[in-house]
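See structure below.
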Amino acid sequence: MSLFDDARDVLGGWPATSDEADVARKRTLELLTAGPVAMTRAYRPGHVTASTLIVAEDRRVLLCLHGRLGLWMQVGGHCEPGDATLAEAALREAREESGLPDLRLDPVPIDVDVHEVRCGAGDGTPAGPSVHYDVRFLAVCPAGATPIVSDESADLAWFAADELPSPLAEGVVQQLAPAFARLGRP
């Protein structure tokens with residue numbers, strides 16, 4: 001099975017966690033009618049990305065201060081040719097951007113969000129307008145693990161859900177309820 005096939009299967013059978021997420025899921029499935037190219041950043045009308053909300057056992061969330069955007073957000077990014085599944089892409093990105101090797105990823109998405117971005121096509125051309133069809137996952141971080149800031153981030157920090165930083169990227173808050181519901185309340 002290819003990454004493209006996995007994306008269609010995951011999103012085709014995913015029980016959306018909100019009305020907004022269901023609209024984004026349907027829009028992403030529509031994008032995928034373009035074929036496997038919609039999984040690559042070279043597809044300028046938009047492309048599927050994968051991100052991860054990392055949560056500690058005490059329910060704090062790890063957010064990165066995006067180096068280019070200057071906004072606090074979950075970790076994640078573009079799918080790569082070696083990714084076999086969306087969950088694998090999300091976990092790879094989470095490990096790369098957090099420096100946390102022992103994350104436990106839930107393979108069922110918690111959210112899907114569609115948003116306009118400026119990003120490069122991956123071929124060295126300057127960043128231009130595009131759209132990210134972001135499939136979002138949940139990962140739990142083991143107690144005592146220390147994140148390491150990557151080259152893509154200006155900072156990484158833990159935050160309580162009711163004390164999130166500013167400026168915060170749109171779409172971060174909408175991930176909290178489905179993430180905590182998936183984890184269950186202590």
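Please note that chains go A, B, ... in the order of the structure tokens, that every chain numbers its residues from 1, and that ligands are numbered from 1 in the order shown.
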Give the strand (DSSP E) residues of region 57-120 of chain A, as DSSP finds them on the backbone, and put them as a PyMOL selection string.
chain A and resi 61-66+72-73+75-78+104-119
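Every protein, DNA or RNA residue with an atom at most 12 Å from Ala84 (chain A), where only C-alpha atoms count and chain neighbours fewer than 5 positions away do not, is listed here: Met1, Ser2, Leu3, Phe4, Asp5, Asp6, Ala7, Met39, Cys79, Ala89, Ala90, Leu91 and Arg92 of chain A.
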Contact residues around Ile110 (chain A) with only C-alpha atoms at 6 Å, ignoring same-chain residues under 5 positions, as a list in words
Arg136, Phe137 and Pro178 of chain A
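Among A:Ala42, A:Ala157, A:Ala94, A:Val108, the residue with the shortest atom-to-atom distance to Gly120 (chain A), counting only C-alpha atoms, is A:Ala42.
Considering the residues A:Leu138, A:Ala145, A:Val112, A:Leu65 and counting only C-alpha atoms, Ala181 (chain A) has its shortest atom-to-atom contact with A:Leu138.
If only C-alpha atoms are the atoms counted, then among A:Val114, A:Ala139, A:Leu105, A:Leu63 the closest residue to Leu156 (chain A) is A:Leu63.
Between CA of Val48 (chain A) and CA of Pro36 (chain A) there is a distance of 10.0 Å.
Note that the spacing between CA of Leu168 (chain A) and CA of Asp58 (chain A) amounts to 21.2 Å.
CA of His78 (chain A) is found 17.0 Å from CA of Leu11 (chain A).
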Pick the closest to Glu116 (chain A) from A:Leu29, A:Glu170, A:Arg182, A:Leu71: which is it, counting only C-alpha atoms?
A:Glu170
Need the shell around His132 (chain A): protein/DNA/RNA residues with any atom at most 10 Å away, counting only C-alpha atoms. Skip same-chain ones fewer than 4 positions apart. Format as a list in words?
Thr28, Arg41, Arg44, Pro45, Gly46, His47, Val48, Thr49, Ala50, Gly77, His78, Asp113, Val114, His115, Glu116, Val117, Arg118 and Cys119 of chain A
Please produce a file of those selected residues containing C-alpha atoms, as a short mmCIF file (atom, residue, chain, number, x, y, z; two decimals), in the first residue's frame.
data_model
loop_
_atom_site.label_atom_id
_atom_site.label_comp_id
_atom_site.auth_asym_id
_atom_site.auth_seq_id
_atom_site.Cartn_x
_atom_site.Cartn_y
_atom_site.Cartn_z
CA THR A 28 -8.89 16.51 1.56
CA ARG A 41 4.72 19.63 -1.87
CA ARG A 44 0.90 23.76 -5.82
CA PRO A 45 -2.93 23.74 -5.57
CA GLY A 46 -2.37 22.03 -2.21
CA HIS A 47 -0.94 18.93 -0.62
CA VAL A 48 -1.47 16.62 2.32
CA THR A 49 0.72 17.20 5.37
CA ALA A 50 0.94 15.38 8.70
CA GLY A 77 5.17 19.03 8.05
CA HIS A 78 5.42 17.61 4.58
CA ASP A 113 -7.45 21.18 9.01
CA VAL A 114 -7.15 22.97 5.67
CA HIS A 115 -5.26 26.26 5.64
CA GLU A 116 -3.42 28.51 3.22
CA VAL A 117 0.36 28.65 3.49
CA ARG A 118 3.47 29.86 1.71
CA CYS A 119 5.87 27.00 1.18
#
Once DSSP has gone over the backbone, tell me which residues of region 10-183 of chain A are in alpha helix (DSSP H), as a PyMOL selection string.
chain A and resi 10-13+19-31+86-98+173-183
Output the selection as a CSV table (one decimal), in the first residue's frame - N, CA and C atoms for each residue.
chain,number,residue,atom,x,y,z
A,10,VAL,N,-7.5,6.1,5.3
A,10,VAL,CA,-7.6,6.7,6.7
A,10,VAL,C,-8.7,7.7,6.7
A,11,LEU,N,-8.7,8.6,5.7
A,11,LEU,CA,-9.6,9.7,5.7
A,11,LEU,C,-11.0,9.2,5.2
A,12,GLY,N,-11.1,8.2,4.4
A,12,GLY,CA,-12.4,7.7,4.0
A,12,GLY,C,-13.1,7.0,5.1
A,13,GLY,N,-12.5,6.4,6.1
A,13,GLY,CA,-13.1,5.8,7.2
A,13,GLY,C,-13.0,6.5,8.5
A,19,ASP,N,-17.5,19.0,13.4
A,19,ASP,CA,-18.1,19.3,12.0
A,19,ASP,C,-17.0,20.0,11.1
A,20,GLU,N,-16.2,20.8,11.7
A,20,GLU,CA,-15.2,21.5,10.9
A,20,GLU,C,-14.2,20.5,10.4
A,21,ALA,N,-13.8,19.5,11.2
A,21,ALA,CA,-12.9,18.5,10.8
A,21,ALA,C,-13.5,17.6,9.7
A,22,ASP,N,-14.8,17.4,9.8
A,22,ASP,CA,-15.4,16.6,8.7
A,22,ASP,C,-15.4,17.3,7.4
A,23,VAL,N,-15.6,18.6,7.4
A,23,VAL,CA,-15.6,19.4,6.2
A,23,VAL,C,-14.1,19.4,5.6
A,24,ALA,N,-13.1,19.5,6.5
A,24,ALA,CA,-11.7,19.4,6.1
A,24,ALA,C,-11.4,18.0,5.5
A,25,ARG,N,-11.9,17.0,6.2
A,25,ARG,CA,-11.7,15.6,5.7
A,25,ARG,C,-12.3,15.5,4.3
A,26,LYS,N,-13.5,16.0,4.0
A,26,LYS,CA,-14.1,15.8,2.7
A,26,LYS,C,-13.3,16.7,1.7
A,27,ARG,N,-12.8,17.8,2.1
A,27,ARG,CA,-12.0,18.6,1.1
A,27,ARG,C,-10.7,17.9,0.8
A,28,THR,N,-10.1,17.2,1.8
A,28,THR,CA,-8.9,16.5,1.6
A,28,THR,C,-9.1,15.3,0.6
A,29,LEU,N,-10.2,14.6,0.8
A,29,LEU,CA,-10.5,13.5,-0.1
A,29,LEU,C,-10.8,14.0,-1.5
A,30,GLU,N,-11.3,15.2,-1.6
A,30,GLU,CA,-11.5,15.8,-3.0
A,30,GLU,C,-10.1,16.1,-3.6
A,31,LEU,N,-9.2,16.7,-2.8
A,31,LEU,CA,-7.9,17.0,-3.2
A,31,LEU,C,-7.2,15.7,-3.8
A,86,LEU,N,0.3,7.9,6.7
A,86,LEU,CA,0.2,9.3,7.3
A,86,LEU,C,0.7,9.3,8.7
A,87,ALA,N,0.4,8.2,9.5
A,87,ALA,CA,0.8,8.1,10.8
A,87,ALA,C,2.4,8.1,10.9
A,88,GLU,N,3.0,7.3,10.0
A,88,GLU,CA,4.4,7.3,10.0
A,88,GLU,C,5.0,8.6,9.7
A,89,ALA,N,4.4,9.4,8.7
A,89,ALA,CA,4.9,10.7,8.4
A,89,ALA,C,4.8,11.6,9.6
A,90,ALA,N,3.7,11.6,10.3
A,90,ALA,CA,3.5,12.4,11.5
A,90,ALA,C,4.5,12.1,12.6
A,91,LEU,N,4.7,10.8,12.8
A,91,LEU,CA,5.7,10.4,13.8
A,91,LEU,C,7.1,10.8,13.4
A,92,ARG,N,7.5,10.6,12.2
A,92,ARG,CA,8.8,11.1,11.7
A,92,ARG,C,9.0,12.5,12.0
A,93,GLU,N,8.0,13.3,11.5
A,93,GLU,CA,8.1,14.8,11.7
A,93,GLU,C,8.2,15.1,13.2
A,94,ALA,N,7.4,14.5,14.0
A,94,ALA,CA,7.4,14.7,15.5
A,94,ALA,C,8.7,14.5,16.1
A,95,ARG,N,9.3,13.3,15.7
A,95,ARG,CA,10.6,13.0,16.3
A,95,ARG,C,11.7,14.0,15.8
A,96,GLU,N,11.7,14.3,14.5
A,96,GLU,CA,12.7,15.3,14.0
A,96,GLU,C,12.6,16.6,14.6
A,97,GLU,N,11.3,17.1,14.8
A,97,GLU,CA,11.2,18.5,15.3
A,97,GLU,C,11.2,18.6,16.8
A,98,SER,N,11.0,17.5,17.5
A,98,SER,CA,11.0,17.6,19.0
A,98,SER,C,12.3,17.0,19.6
A,173,VAL,N,-6.0,25.1,19.1
A,173,VAL,CA,-7.0,24.9,20.2
A,173,VAL,C,-8.0,23.8,19.8
A,174,GLN,N,-8.3,23.7,18.5
A,174,GLN,CA,-9.3,22.7,18.1
A,174,GLN,C,-8.8,21.3,18.2
A,175,GLN,N,-7.5,21.1,18.4
A,175,GLN,CA,-7.0,19.8,18.6
A,175,GLN,C,-7.1,19.3,20.1
A,176,LEU,N,-7.2,20.2,21.0
A,176,LEU,CA,-7.1,19.9,22.4
A,176,LEU,C,-8.2,18.9,22.8
A,177,ALA,N,-9.5,19.3,22.6
A,177,ALA,CA,-10.6,18.5,23.0
A,177,ALA,C,-10.5,17.0,22.5
A,178,PRO,N,-10.3,16.8,21.2
A,178,PRO,CA,-10.2,15.4,20.7
A,178,PRO,C,-9.0,14.7,21.2
A,179,ALA,N,-7.9,15.4,21.5
A,179,ALA,CA,-6.7,14.8,22.0
A,179,ALA,C,-7.0,14.3,23.5
A,180,PHE,N,-7.5,15.2,24.3
A,180,PHE,CA,-7.8,14.8,25.7
A,180,PHE,C,-8.9,13.8,25.8
A,181,ALA,N,-9.9,13.8,24.9
A,181,ALA,CA,-10.9,12.8,24.9
A,181,ALA,C,-10.3,11.4,24.5
A,182,ARG,N,-9.4,11.4,23.6
A,182,ARG,CA,-8.7,10.2,23.2
A,182,ARG,C,-7.9,9.6,24.4
A,183,LEU,N,-7.3,10.5,25.1
A,183,LEU,CA,-6.5,10.1,26.3
A,183,LEU,C,-7.3,9.7,27.4
Can you work out which one of A:Trp14, A:Val55, A:Val140, A:Arg8 has the shortest atom-to-atom distance to Pro109 (chain A), counting only C-alpha atoms?
A:Trp14
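Each of A:Cys141, A:Tyr43, A:Val37, A:Glu152 was checked against Pro129 (chain A) using only C-alpha atoms; the smallest atom-to-atom distance is that of A:Tyr43.
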